[in-house]
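K.L.:
The following file, model.cif, comprises mmCIF, C-alpha atoms and all ligand atoms:
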data_coords
loop_
_atom_site.group_PDB
_atom_site.id
_atom_site.type_symbol
_atom_site.label_atom_id
_atom_site.label_comp_id
_atom_site.auth_asym_id
_atom_site.auth_seq_id
_atom_site.Cartn_x
_atom_site.Cartn_y
_atom_site.Cartn_z
ATOM 1 C CA MET A 3 0.000 0.000 0.000
ATOM 2 C CA TYR A 4 1.190 3.490 -0.891
ATOM 3 C CA SER A 5 1.293 5.564 2.343
ATOM 4 C CA GLU A 6 1.548 9.311 2.941
ATOM 5 C CA GLU A 7 5.099 8.668 4.129
ATOM 6 C CA ASP A 8 5.984 7.039 0.795
ATOM 7 C CA GLY A 9 4.494 10.055 -0.999
ATOM 8 C CA LEU A 10 6.621 12.482 1.027
ATOM 9 C CA ALA A 11 9.757 10.375 0.461
ATOM 10 C CA SER A 12 9.188 10.353 -3.277
ATOM 11 C CA LEU A 13 8.471 14.121 -3.280
ATOM 12 C CA GLY A 14 11.710 14.654 -1.333
ATOM 13 C CA PHE A 15 13.551 12.489 -3.863
ATOM 14 C CA ARG A 16 12.132 14.490 -6.788
ATOM 15 C CA ILE A 17 13.052 17.820 -5.174
ATOM 16 C CA LYS A 18 16.605 16.621 -4.486
ATOM 17 C CA ARG A 19 16.892 15.390 -8.062
ATOM 18 C CA MET A 20 15.716 18.751 -9.445
ATOM 19 C CA MET A 21 18.189 20.592 -7.229
ATOM 20 C CA ALA A 22 21.031 18.296 -8.284
ATOM 21 C CA LYS A 23 20.099 18.786 -11.941
ATOM 22 C CA GLY A 24 20.121 22.591 -11.532
ATOM 23 C CA LEU A 25 23.492 22.439 -9.801
ATOM 24 C CA MET A 26 24.908 20.249 -12.587
ATOM 25 C CA GLU A 27 23.692 22.777 -15.192
ATOM 26 C CA LEU A 28 25.760 25.407 -13.354
ATOM 27 C CA SER A 29 28.772 23.151 -12.850
ATOM 28 C CA ALA A 30 30.794 24.525 -15.761
ATOM 29 C CA MET A 31 30.355 28.176 -14.694
ATOM 30 C CA PRO A 32 33.515 30.007 -13.664
ATOM 31 C CA LEU A 33 33.820 30.794 -9.930
ATOM 32 C CA ILE A 34 30.658 28.997 -8.790
ATOM 33 C CA GLY A 35 31.038 25.736 -10.755
ATOM 34 C CA ARG A 36 33.124 23.870 -8.168
ATOM 35 C CA CYS A 37 30.824 24.918 -5.389
ATOM 36 C CA CYS A 38 27.811 23.642 -7.362
ATOM 37 C CA LEU A 39 29.556 20.304 -7.924
ATOM 38 C CA ARG A 40 30.269 19.952 -4.203
ATOM 39 C CA LEU A 41 26.639 20.664 -3.326
ATOM 40 C CA ALA A 42 25.380 18.262 -5.996
ATOM 41 C CA GLY A 43 27.737 15.576 -4.633
ATOM 42 C CA ALA A 44 26.550 16.162 -1.070
ATOM 43 C CA LEU A 45 22.910 15.824 -2.205
ATOM 44 C CA ARG A 46 23.581 12.448 -3.809
ATOM 45 C CA GLY A 47 25.751 10.782 -1.145
ATOM 46 C CA PRO A 48 29.128 9.043 -1.220
ATOM 47 C CA TYR A 49 31.271 7.501 -3.986
ATOM 48 C CA LYS A 50 29.287 5.569 -6.615
ATOM 49 C CA ASP A 51 25.979 7.145 -5.498
ATOM 50 C CA ARG A 52 27.252 10.216 -7.347
ATOM 51 C CA ARG A 53 27.417 8.504 -10.757
ATOM 52 C CA VAL A 54 23.834 9.505 -11.345
ATOM 53 C CA LEU A 55 24.977 13.151 -11.503
ATOM 54 C CA ALA A 56 26.684 12.387 -14.813
ATOM 55 C CA ASN A 57 23.335 11.444 -16.340
ATOM 56 C CA LEU A 58 21.167 14.325 -15.127
ATOM 57 C CA THR A 59 22.393 16.697 -17.861
ATOM 58 C CA SER A 60 24.712 16.308 -20.838
ATOM 59 C CA LYS A 61 27.571 17.665 -18.714
ATOM 60 C CA PRO A 62 30.142 15.289 -17.308
ATOM 61 C CA TYR A 63 30.593 14.997 -13.540
ATOM 62 C CA ILE A 64 34.189 15.906 -12.749
ATOM 63 C CA SER A 65 34.767 15.777 -9.004
ATOM 64 C CA PRO A 66 36.138 19.002 -7.520
ATOM 65 C CA LYS A 67 38.626 16.730 -5.741
ATOM 66 C CA ALA A 68 40.049 15.395 -9.050
ATOM 67 C CA ASP A 69 43.501 16.742 -9.947
ATOM 68 C CA ILE A 70 43.390 17.728 -13.605
ATOM 69 C CA HIS A 71 46.198 19.513 -15.445
ATOM 70 C CA CYS A 72 45.865 18.602 -19.092
ATOM 71 C CA PRO A 73 45.351 21.272 -21.752
ATOM 72 C CA ARG A 74 44.460 18.716 -24.441
ATOM 73 C CA LEU A 75 41.771 16.956 -22.419
ATOM 74 C CA VAL A 76 38.432 16.243 -24.101
ATOM 75 C CA VAL A 77 35.707 14.842 -21.828
ATOM 76 C CA GLY A 78 32.570 13.475 -23.490
ATOM 77 C CA PRO A 79 29.017 13.871 -22.202
ATOM 78 C CA HIS A 80 27.914 11.766 -19.212
ATOM 79 C CA CYS A 81 31.470 10.990 -18.097
ATOM 80 C CA PHE A 82 32.051 10.393 -14.384
ATOM 81 C CA ILE A 83 35.447 11.373 -12.969
ATOM 82 C CA ASP A 84 35.662 10.460 -9.296
ATOM 83 C CA ASP A 85 37.471 12.055 -6.332
ATOM 84 C CA TYR A 86 41.270 11.779 -6.386
ATOM 85 C CA VAL A 87 41.582 10.914 -10.076
ATOM 86 C CA THR A 88 44.667 12.529 -11.605
ATOM 87 C CA ILE A 89 44.871 13.492 -15.280
ATOM 88 C CA TYR A 90 48.232 15.099 -15.973
ATOM 89 C CA SER A 91 50.029 16.137 -19.144
ATOM 90 C CA HIS A 92 53.698 17.011 -19.369
ATOM 91 C CA PRO A 93 54.336 20.000 -21.681
ATOM 92 C CA ASP A 94 55.042 17.642 -24.616
ATOM 93 C CA GLY A 95 52.077 15.337 -23.913
ATOM 94 C CA GLY A 96 49.467 14.421 -26.504
ATOM 95 C CA GLU A 97 45.742 14.409 -25.964
ATOM 96 C CA VAL A 98 43.591 12.667 -23.390
ATOM 97 C CA ARG A 99 40.183 11.935 -24.893
ATOM 98 C CA LEU A 100 37.312 10.350 -22.986
ATOM 99 C CA GLY A 101 34.273 9.289 -25.017
ATOM 100 C CA GLU A 102 30.667 9.401 -23.868
ATOM 101 C CA GLY A 103 29.787 7.827 -20.521
ATOM 102 C CA VAL A 104 33.343 6.918 -19.505
ATOM 103 C CA HIS A 105 33.736 6.289 -15.745
ATOM 104 C CA ILE A 106 37.067 6.718 -13.999
ATOM 105 C CA TYR A 107 37.198 5.818 -10.316
ATOM 106 C CA ARG A 108 39.290 7.149 -7.482
ATOM 107 C CA GLY A 109 43.027 6.930 -7.319
ATOM 108 C CA THR A 110 43.423 6.300 -11.058
ATOM 109 C CA ILE A 111 46.235 8.244 -12.722
ATOM 110 C CA ILE A 112 46.330 9.114 -16.431
ATOM 111 C CA GLU A 113 49.641 10.675 -17.471
ATOM 112 C CA VAL A 114 50.831 11.693 -20.954
ATOM 113 C CA GLY A 115 54.174 13.020 -22.268
ATOM 114 C CA ARG A 116 56.600 12.782 -25.226
ATOM 115 C CA GLY A 117 53.743 12.843 -27.762
ATOM 116 C CA GLY A 118 51.863 9.916 -26.194
ATOM 117 C CA SER A 119 48.083 10.066 -25.868
ATOM 118 C CA VAL A 120 45.382 8.239 -23.958
ATOM 119 C CA ILE A 121 42.109 7.626 -25.790
ATOM 120 C CA ILE A 122 39.179 5.908 -24.051
ATOM 121 C CA GLY A 123 36.036 4.856 -25.933
ATOM 122 C CA ASP A 124 32.364 5.265 -25.030
ATOM 123 C CA HIS A 125 30.974 3.540 -21.933
ATOM 124 C CA THR A 126 34.311 2.168 -20.802
ATOM 125 C CA HIS A 127 34.680 1.911 -17.006
ATOM 126 C CA ILE A 128 38.030 2.085 -15.260
ATOM 127 C CA GLN A 129 37.948 1.100 -11.590
ATOM 128 C CA SER A 130 40.101 2.491 -8.791
ATOM 129 C CA HIS A 131 43.891 2.837 -8.679
ATOM 130 C CA CYS A 132 44.677 2.080 -12.309
ATOM 131 C CA ASN A 133 47.716 3.664 -13.952
ATOM 132 C CA ILE A 134 47.374 4.588 -17.612
ATOM 133 C CA LYS A 135 50.292 6.141 -19.454
ATOM 134 C CA GLY A 136 50.925 7.622 -22.869
ATOM 135 C CA PHE A 137 54.655 8.197 -23.487
ATOM 136 C CA LEU A 138 56.261 7.610 -26.927
ATOM 137 C CA GLY A 139 53.308 5.319 -27.659
ATOM 138 C CA SER A 140 49.662 5.770 -26.805
ATOM 139 C CA THR A 141 47.148 3.751 -24.823
ATOM 140 C CA ILE A 142 44.011 3.354 -26.900
ATOM 141 C CA ILE A 143 41.044 1.691 -25.185
ATOM 142 C CA GLY A 144 37.862 0.839 -27.080
ATOM 143 C CA ARG A 145 34.175 0.979 -26.158
ATOM 144 C CA ASN A 146 32.442 -0.971 -23.387
ATOM 145 C CA VAL A 147 35.743 -2.078 -21.900
ATOM 146 C CA GLN A 148 35.766 -3.007 -18.188
ATOM 147 C CA ILE A 149 38.970 -2.561 -16.267
ATOM 148 C CA ALA A 150 39.177 -3.810 -12.669
ATOM 149 C CA PRO A 151 41.149 -2.031 -9.908
ATOM 150 C CA HIS A 152 44.960 -1.791 -9.960
ATOM 151 C CA CYS A 153 45.519 -2.416 -13.677
ATOM 152 C CA GLY A 154 48.490 -0.760 -15.407
ATOM 153 C CA PHE A 155 49.202 0.250 -19.020
ATOM 154 C CA SER A 156 52.684 1.303 -20.053
ATOM 155 C CA PRO A 157 53.362 1.825 -23.759
ATOM 156 C CA TYR A 158 57.082 2.349 -23.010
ATOM 157 C CA GLU A 159 59.864 0.961 -20.885
ATOM 158 C CA HIS A 160 63.221 2.157 -19.617
ATOM 159 C CA GLY A 161 66.301 1.416 -21.720
ATOM 160 C CA PHE A 162 68.775 -0.502 -19.524
ATOM 161 C CA GLU A 163 71.399 -2.084 -21.799
ATOM 162 C CA ASP A 164 74.157 0.460 -21.101
ATOM 163 C CA THR A 165 75.679 -0.867 -17.878
ATOM 164 C CA SER A 166 77.903 2.214 -17.490
ATOM 165 C CA LYS A 167 74.916 4.488 -16.892
ATOM 166 C CA ALA A 168 72.152 4.554 -14.338
ATOM 167 C CA ILE A 169 68.932 3.160 -15.790
ATOM 168 C CA ARG A 170 67.317 6.445 -14.810
ATOM 169 C CA GLU A 171 69.643 8.269 -17.280
ATOM 170 C CA GLN A 172 68.888 5.981 -20.238
ATOM 171 C CA ASP A 173 66.216 6.913 -22.701
ATOM 172 C CA ILE A 174 62.821 5.292 -22.692
ATOM 173 C CA ILE A 175 61.893 3.002 -25.585
ATOM 174 C CA SER A 176 58.629 1.663 -26.980
ATOM 175 C CA SER A 177 57.565 -1.147 -29.239
ATOM 176 C CA GLY A 178 54.289 0.613 -29.980
ATOM 177 C CA ASP A 179 50.847 1.559 -28.763
ATOM 178 C CA ILE A 180 48.744 -0.470 -26.384
ATOM 179 C CA VAL A 181 45.344 -1.176 -27.936
ATOM 180 C CA LEU A 182 42.353 -2.711 -26.153
ATOM 181 C CA GLU A 183 39.585 -3.405 -28.632
ATOM 182 C CA ASP A 184 35.891 -3.107 -27.720
ATOM 183 C CA ASN A 185 34.261 -5.189 -24.974
ATOM 184 C CA VAL A 186 37.473 -6.401 -23.323
ATOM 185 C CA TRP A 187 37.389 -7.243 -19.584
ATOM 186 C CA LEU A 188 40.571 -7.096 -17.512
ATOM 187 C CA GLY A 189 40.435 -8.623 -13.999
ATOM 188 C CA LEU A 190 42.151 -7.215 -10.933
ATOM 189 C CA ASN A 191 45.761 -6.091 -11.236
ATOM 190 C CA VAL A 192 46.407 -6.904 -14.906
ATOM 191 C CA GLN A 193 49.519 -5.234 -16.331
ATOM 192 C CA VAL A 194 49.703 -4.533 -20.072
ATOM 193 C CA LEU A 195 53.053 -3.816 -21.724
ATOM 194 C CA ASP A 196 54.014 -1.800 -24.817
ATOM 195 C CA GLY A 197 53.075 -2.958 -28.302
ATOM 196 C CA VAL A 198 50.245 -5.217 -27.097
ATOM 197 C CA THR A 199 46.798 -5.439 -28.702
ATOM 198 C CA ILE A 200 44.046 -7.239 -26.805
ATOM 199 C CA GLY A 201 41.428 -8.404 -29.293
ATOM 200 C CA GLU A 202 37.726 -7.590 -29.125
ATOM 201 C CA GLY A 203 35.769 -9.436 -26.437
ATOM 202 C CA THR A 204 38.798 -10.963 -24.716
ATOM 203 C CA VAL A 205 38.903 -11.614 -20.954
ATOM 204 C CA VAL A 206 42.173 -11.437 -19.029
ATOM 205 C CA GLY A 207 42.260 -13.094 -15.593
ATOM 206 C CA ALA A 208 43.341 -11.383 -12.389
ATOM 207 C CA GLY A 209 47.056 -10.808 -11.921
ATOM 208 C CA ALA A 210 48.113 -11.424 -15.541
ATOM 209 C CA VAL A 211 51.027 -9.642 -17.236
ATOM 210 C CA VAL A 212 50.199 -9.246 -20.919
ATOM 211 C CA THR A 213 53.468 -9.179 -22.869
ATOM 212 C CA LYS A 214 52.134 -10.252 -26.309
ATOM 213 C CA SER A 215 48.979 -9.542 -28.255
ATOM 214 C CA LEU A 216 45.899 -11.661 -27.528
ATOM 215 C CA PRO A 217 43.337 -12.729 -30.148
ATOM 216 C CA PRO A 218 39.653 -11.732 -29.939
ATOM 217 C CA ASN A 219 37.121 -13.597 -27.766
ATOM 218 C CA SER A 220 39.717 -15.526 -25.768
ATOM 219 C CA VAL A 221 40.296 -16.075 -22.063
ATOM 220 C CA ALA A 222 43.919 -15.527 -21.020
ATOM 221 C CA VAL A 223 45.587 -15.890 -17.604
ATOM 222 C CA GLY A 224 49.000 -15.900 -15.990
ATOM 223 C CA VAL A 225 52.454 -14.367 -16.158
ATOM 224 C CA PRO A 226 53.060 -14.035 -19.038
ATOM 225 C CA ALA A 227 49.408 -14.155 -20.108
ATOM 226 C CA ARG A 228 48.509 -17.199 -22.213
ATOM 227 C CA VAL A 229 45.224 -18.072 -23.866
ATOM 228 C CA ILE A 230 43.560 -20.995 -22.023
ATOM 229 C CA ARG A 231 40.394 -21.156 -24.107
ATOM 230 C CA ARG A 232 37.961 -19.288 -26.309
ATOM 231 C CA ARG A 233 34.908 -17.609 -24.798
ATOM 232 C CA GLY A 234 31.679 -19.563 -25.115
ATOM 233 C CA GLU A 235 33.270 -22.963 -24.573
ATOM 234 C CA GLY A 236 31.581 -23.453 -21.173
ATOM 235 C CA GLY A 237 34.604 -23.191 -18.833
ATOM 236 C CA GLN A 238 33.219 -20.450 -16.610
ATOM 237 C CA ALA A 239 29.901 -22.156 -15.782
ATOM 238 C CA GLU A 240 31.530 -25.526 -15.082
ATOM 239 C CA ALA A 241 34.245 -23.988 -12.904
ATOM 240 C CA ARG A 242 31.729 -22.065 -10.781
ATOM 241 C CA GLN A 243 29.841 -25.302 -9.977
ATOM 242 C CA ASP A 244 33.082 -27.001 -8.893
ATOM 243 C CA LYS A 245 34.064 -24.264 -6.442
HETATM 244 C C1 LIG B 301 40.100 -16.035 -15.690
HETATM 245 C C2 LIG B 301 38.739 -16.043 -15.024
HETATM 246 C C3 LIG B 301 37.843 -14.983 -15.693
HETATM 247 C C4 LIG B 301 38.073 -17.401 -15.105
HETATM 248 O O1 LIG B 301 38.023 -17.886 -16.418
HETATM 249 P P1 LIG B 301 37.571 -19.411 -16.671
HETATM 250 O O2 LIG B 301 37.701 -19.702 -18.120
HETATM 251 O O3 LIG B 301 36.250 -19.619 -16.037
HETATM 252 O O4 LIG B 301 38.729 -20.190 -15.922
HETATM 253 P P2 LIG B 301 38.614 -21.412 -14.918
HETATM 254 O O5 LIG B 301 38.147 -20.928 -13.593
HETATM 255 O O6 LIG B 301 37.889 -22.527 -15.602
HETATM 256 O O7 LIG B 301 40.142 -21.822 -14.783
HETATM 257 C C5 LIG B 301 40.871 -22.416 -15.849
HETATM 258 C C6 LIG B 301 42.313 -22.577 -15.396
HETATM 259 O O8 LIG B 301 42.918 -21.275 -15.292
HETATM 260 C C7 LIG B 301 43.389 -21.050 -13.943
HETATM 261 N N1 LIG B 301 43.094 -19.659 -13.616
HETATM 262 C C8 LIG B 301 41.886 -19.064 -13.501
HETATM 263 N N2 LIG B 301 42.047 -17.763 -13.224
HETATM 264 C C9 LIG B 301 43.353 -17.530 -13.156
HETATM 265 C C10 LIG B 301 44.122 -16.389 -12.896
HETATM 266 N N3 LIG B 301 43.540 -15.203 -12.669
HETATM 267 N N4 LIG B 301 45.480 -16.503 -12.935
HETATM 268 C C11 LIG B 301 46.074 -17.702 -13.178
HETATM 269 N N5 LIG B 301 45.386 -18.844 -13.435
HETATM 270 C C12 LIG B 301 44.046 -18.747 -13.406
HETATM 271 C C13 LIG B 301 42.585 -22.033 -13.094
HETATM 272 O O9 LIG B 301 43.271 -22.346 -11.908
HETATM 273 C C14 LIG B 301 42.457 -23.209 -14.015
HETATM 274 O O10 LIG B 301 43.665 -23.925 -14.017
HETATM 275 P P3 LIG B 301 43.678 -25.552 -14.103
HETATM 276 O O11 LIG B 301 43.035 -25.873 -15.422
HETATM 277 O O12 LIG B 301 45.133 -25.877 -14.029
HETATM 278 O O13 LIG B 301 42.863 -26.001 -12.940
HETATM 279 C C15 LIG B 301 38.826 -15.756 -13.501
HETATM 280 O O14 LIG B 301 39.571 -16.802 -12.865
HETATM 281 C C16 LIG B 301 39.442 -14.427 -13.130
HETATM 282 O O15 LIG B 301 40.661 -14.252 -13.030
HETATM 283 N N6 LIG B 301 38.515 -13.453 -12.963
HETATM 284 C C17 LIG B 301 38.867 -12.098 -12.597
HETATM 285 C C18 LIG B 301 38.200 -11.735 -11.266
HETATM 286 C C19 LIG B 301 38.356 -10.291 -10.985
HETATM 287 O O16 LIG B 301 39.396 -9.721 -11.156
HETATM 288 N N7 LIG B 301 37.265 -9.669 -10.577
HETATM 289 C C20 LIG B 301 37.207 -8.243 -10.420
HETATM 290 C C21 LIG B 301 35.898 -7.785 -10.939
HETATM 291 S S1 LIG B 301 35.992 -6.206 -11.725
#
What do you get writing this file as structure tokens?
P.N.:
Amino acid sequence: MYSEEDGLASLGFRIKRMMAKGLMELSAMPLIGRCCLRLAGALRGPYKDRRVLANLTSKPYISPKADIHCPRLVVGPHCFIDDYVTIYSHPDGGEVRLGEGVHIYRGTIIEVGRGGSVIIGDHTHIQSHCNIKGFLGSTIIGRNVQIAPHCGFSPYEHGFEDTSKAIREQDIISSGDIVLEDNVWLGLNVQVLDGVTIGEGTVVGAGAVVTKSLPPNSVAVGVPARVIRRRGEGGQAEARQDK
């Protein structure tokens, strides 16, 4: 039964929603924008409760506690950038482009320099404490990709062959961009090295280090990551029953 109390709760919800929407409309205004974002965040509640703010208007929600210093940053509509995300470009960095509805959760760092870029496709979600770099090469992530916490992407490495010099003094090198095609899922703490392409629809198990490209629609695990099967061959369902 629908009580008077329910009616008041739903009225309160609608009023809060209207207020949050108004505040989001003002969020890009100079001087007052940050204040509006803080108030909108407080109205919604903590952490992932705030994602809804990114869908109230076409404006992205960029937390006032995010640390963003990137002149070539393009943020698509409905993006959610959480507290304590860092997006930083060195003076020679390329672009950082986030498509529509990209979510980036707290503690994630995106850093570009030496012409490298980071491009992230529509509706891709990057969970907390990931580290995504663009130096010499770029990190290019497709649409609908899911990245679990603590994943890393480094399209370069340190040169170390000259034993007479500190590794710190040797130039960085790259064997090419990192590319994640659409609909990839990376489990917790997957590390992806330079020159790697992960094919469309591929799943990489927790803790893997991906040193070579992986074909589409596969399941890969381990250090270094190796394909154990193709998706759709029934392994997941069987394994869950055994556990
Ligand atoms: C890889 C994964 C998706 C399971 O895929 P699956 O095809 O169902 O694999 P199975 O469970 O059947 O395991 C197949 C084999 O791979 C091994 N394996 C599974 N996951 C592994 C992993 N992450 N690292 C190393 N080996 C792994 C299993 O031990 C098994 O080995 P065996 O044949 O010698 O017994 C899953 O184990 C995993 O890592 N999920 C990520 C979880 C996660 O990070 N969640 C965060 C949510 S955002």
K.L.:
Just so the selection is clear, what residues does the PyMOL selection byres (((not hetatm)) within 7 of (chain B and resi 301)) cover here, as a VMD selection string?
P.N.:
chain A and resid 149 to 151 188 to 190 205 to 210 221 to 224 230 to 231 237 to 239 241
K.L.:
Would you put the residues from that selection into a file with C-alpha atoms, as an mmCIF file, in the coordinates of the input?
P.N.:
data_model
loop_
_atom_site.group_PDB
_atom_site.id
_atom_site.type_symbol
_atom_site.label_atom_id
_atom_site.label_comp_id
_atom_site.auth_asym_id
_atom_site.auth_seq_id
_atom_site.Cartn_x
_atom_site.Cartn_y
_atom_site.Cartn_z
ATOM 1 C CA ILE A 149 38.970 -2.561 -16.267
ATOM 2 C CA ALA A 150 39.177 -3.810 -12.669
ATOM 3 C CA PRO A 151 41.149 -2.031 -9.908
ATOM 4 C CA LEU A 188 40.571 -7.096 -17.512
ATOM 5 C CA GLY A 189 40.435 -8.623 -13.999
ATOM 6 C CA LEU A 190 42.151 -7.215 -10.933
ATOM 7 C CA VAL A 205 38.903 -11.614 -20.954
ATOM 8 C CA VAL A 206 42.173 -11.437 -19.029
ATOM 9 C CA GLY A 207 42.260 -13.094 -15.593
ATOM 10 C CA ALA A 208 43.341 -11.383 -12.389
ATOM 11 C CA GLY A 209 47.056 -10.808 -11.921
ATOM 12 C CA ALA A 210 48.113 -11.424 -15.541
ATOM 13 C CA VAL A 221 40.296 -16.075 -22.063
ATOM 14 C CA ALA A 222 43.919 -15.527 -21.020
ATOM 15 C CA VAL A 223 45.587 -15.890 -17.604
ATOM 16 C CA GLY A 224 49.000 -15.900 -15.990
ATOM 17 C CA ILE A 230 43.560 -20.995 -22.023
ATOM 18 C CA ARG A 231 40.394 -21.156 -24.107
ATOM 19 C CA GLY A 237 34.604 -23.191 -18.833
ATOM 20 C CA GLN A 238 33.219 -20.450 -16.610
ATOM 21 C CA ALA A 239 29.901 -22.156 -15.782
ATOM 22 C CA ALA A 241 34.245 -23.988 -12.904
#
K.L.:
In Å, rounded to a single decimal, give me how far atom CA of Ser119 of chain A is from atom CA of Ser176 of chain A.
P.N.:
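Between atom CA of Ser176 of chain A and atom CA of Ser119 of chain A the gap is 13.5 Å.
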K.L.:
Please report the interatomic distance between atom CA of Ile34 of chain A and atom CA of Pro66 of chain A in Å with one decimal.
P.N.:
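Atom-to-atom, atom CA of Ile34 of chain A to atom CA of Pro66 of chain A, that is 11.5 Å.
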K.L.:
Per residue of segment 142-181 of chain A within 9 Å of segment 91-110 of chain A, what are the shortest atom pair and its distance in Å to one decimal, counting only C-alpha atoms, with rows by chain and residue number, as a tab-separated table?
P.N.:
residue	atom	partner	partner_atom	distance
A:Arg145	CA	A:Gly101	CA	8.4
A:Asn146	CA	A:Val104	CA	8.8
A:Pro151	CA	A:Thr110	CA	8.7
A:His152	CA	A:Thr110	CA	8.3
K.L.:
Write out as number ranges by chain the residues lying within 10 Å of Ala42 of chain A, counting all atoms listed in the file and excluding same-chain residues fewer than 6 positions away.
P.N.:
A: 18-19, 21-26, 29, 36, 52, 55, 63
K.L.:
Using only C-alpha atoms, find all polymer residues with an atom at most 8 Å away from the point (47.6, 8.7, -13.1); report them as a list in words.
P.N.:
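Those residues, ordered by chain and then number, are Val87, Thr88, Ile89, Tyr90, Gly109, Thr110, Ile111, Ile112, Glu113, Cys132, Asn133, Ile134 and Lys135 of chain A.
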K.L.:
Taking all atoms listed in the file into account, which of A:Gly78, A:Pro226, A:Gly35, A:Pro48 comes nearest His125 of chain A?
P.N.:
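For His125 of chain A, the nearest of the candidates is A:Gly78.
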K.L.:
Near Glu171 of chain A, within 10 Å and counting only C-alpha atoms, which residues show up once chain neighbours fewer than 5 positions away are dropped, as a ChimeraX atom specification?
P.N.:
/A:160-162,164
K.L.:
Go ahead and dump the residues you just picked, C-alpha atoms, as a compact mmCIF listing (two decimals), in the frame of the given file.
P.N.:
# COMPACT_ATOMS: atom_id res chain seq x y z
CA HIS A 160 63.22 2.16 -19.62
CA GLY A 161 66.30 1.42 -21.72
CA PHE A 162 68.78 -0.50 -19.52
CA ASP A 164 74.16 0.46 -21.10
K.L.:
When distances are computed from only C-alpha atoms, which of A:Val120, A:Val76, A:Ala68, A:Ile143 shows the smallest separation from Arg40 of chain A?
P.N.:
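Closest candidate: A:Ala68.
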K.L.:
Could you write out as a PyMOL selection string the residues that the PyMOL selection byres (((chain A and resi 53) around 9) and not hetatm) matches in the shown file?
P.N.:
chain A and resi 46+49-52+54-57+63+81-84+105
K.L.:
Smallest atom-to-atom distance to Gln193 of chain A: which of A:Val211, A:His127, A:Ser177, A:His71, using only C-alpha atoms?
P.N.:
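When distances to Gln193 of chain A are compared using only C-alpha atoms, the smallest one comes from A:Val211.
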K.L.:
If I take atom CA of Gln129 of chain A and atom CA of Val192 of chain A, how far is one from the other in Å, to one decimal?
P.N.:
12.1 Å
K.L.:
So, counting all atoms listed in the file, which residue among A:Phe155, A:Gly136, A:Ala168, A:Thr59 is closest to Thr213 of chain A?
P.N.:
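Among the listed residues, A:Phe155 lies closest to Thr213 of chain A.
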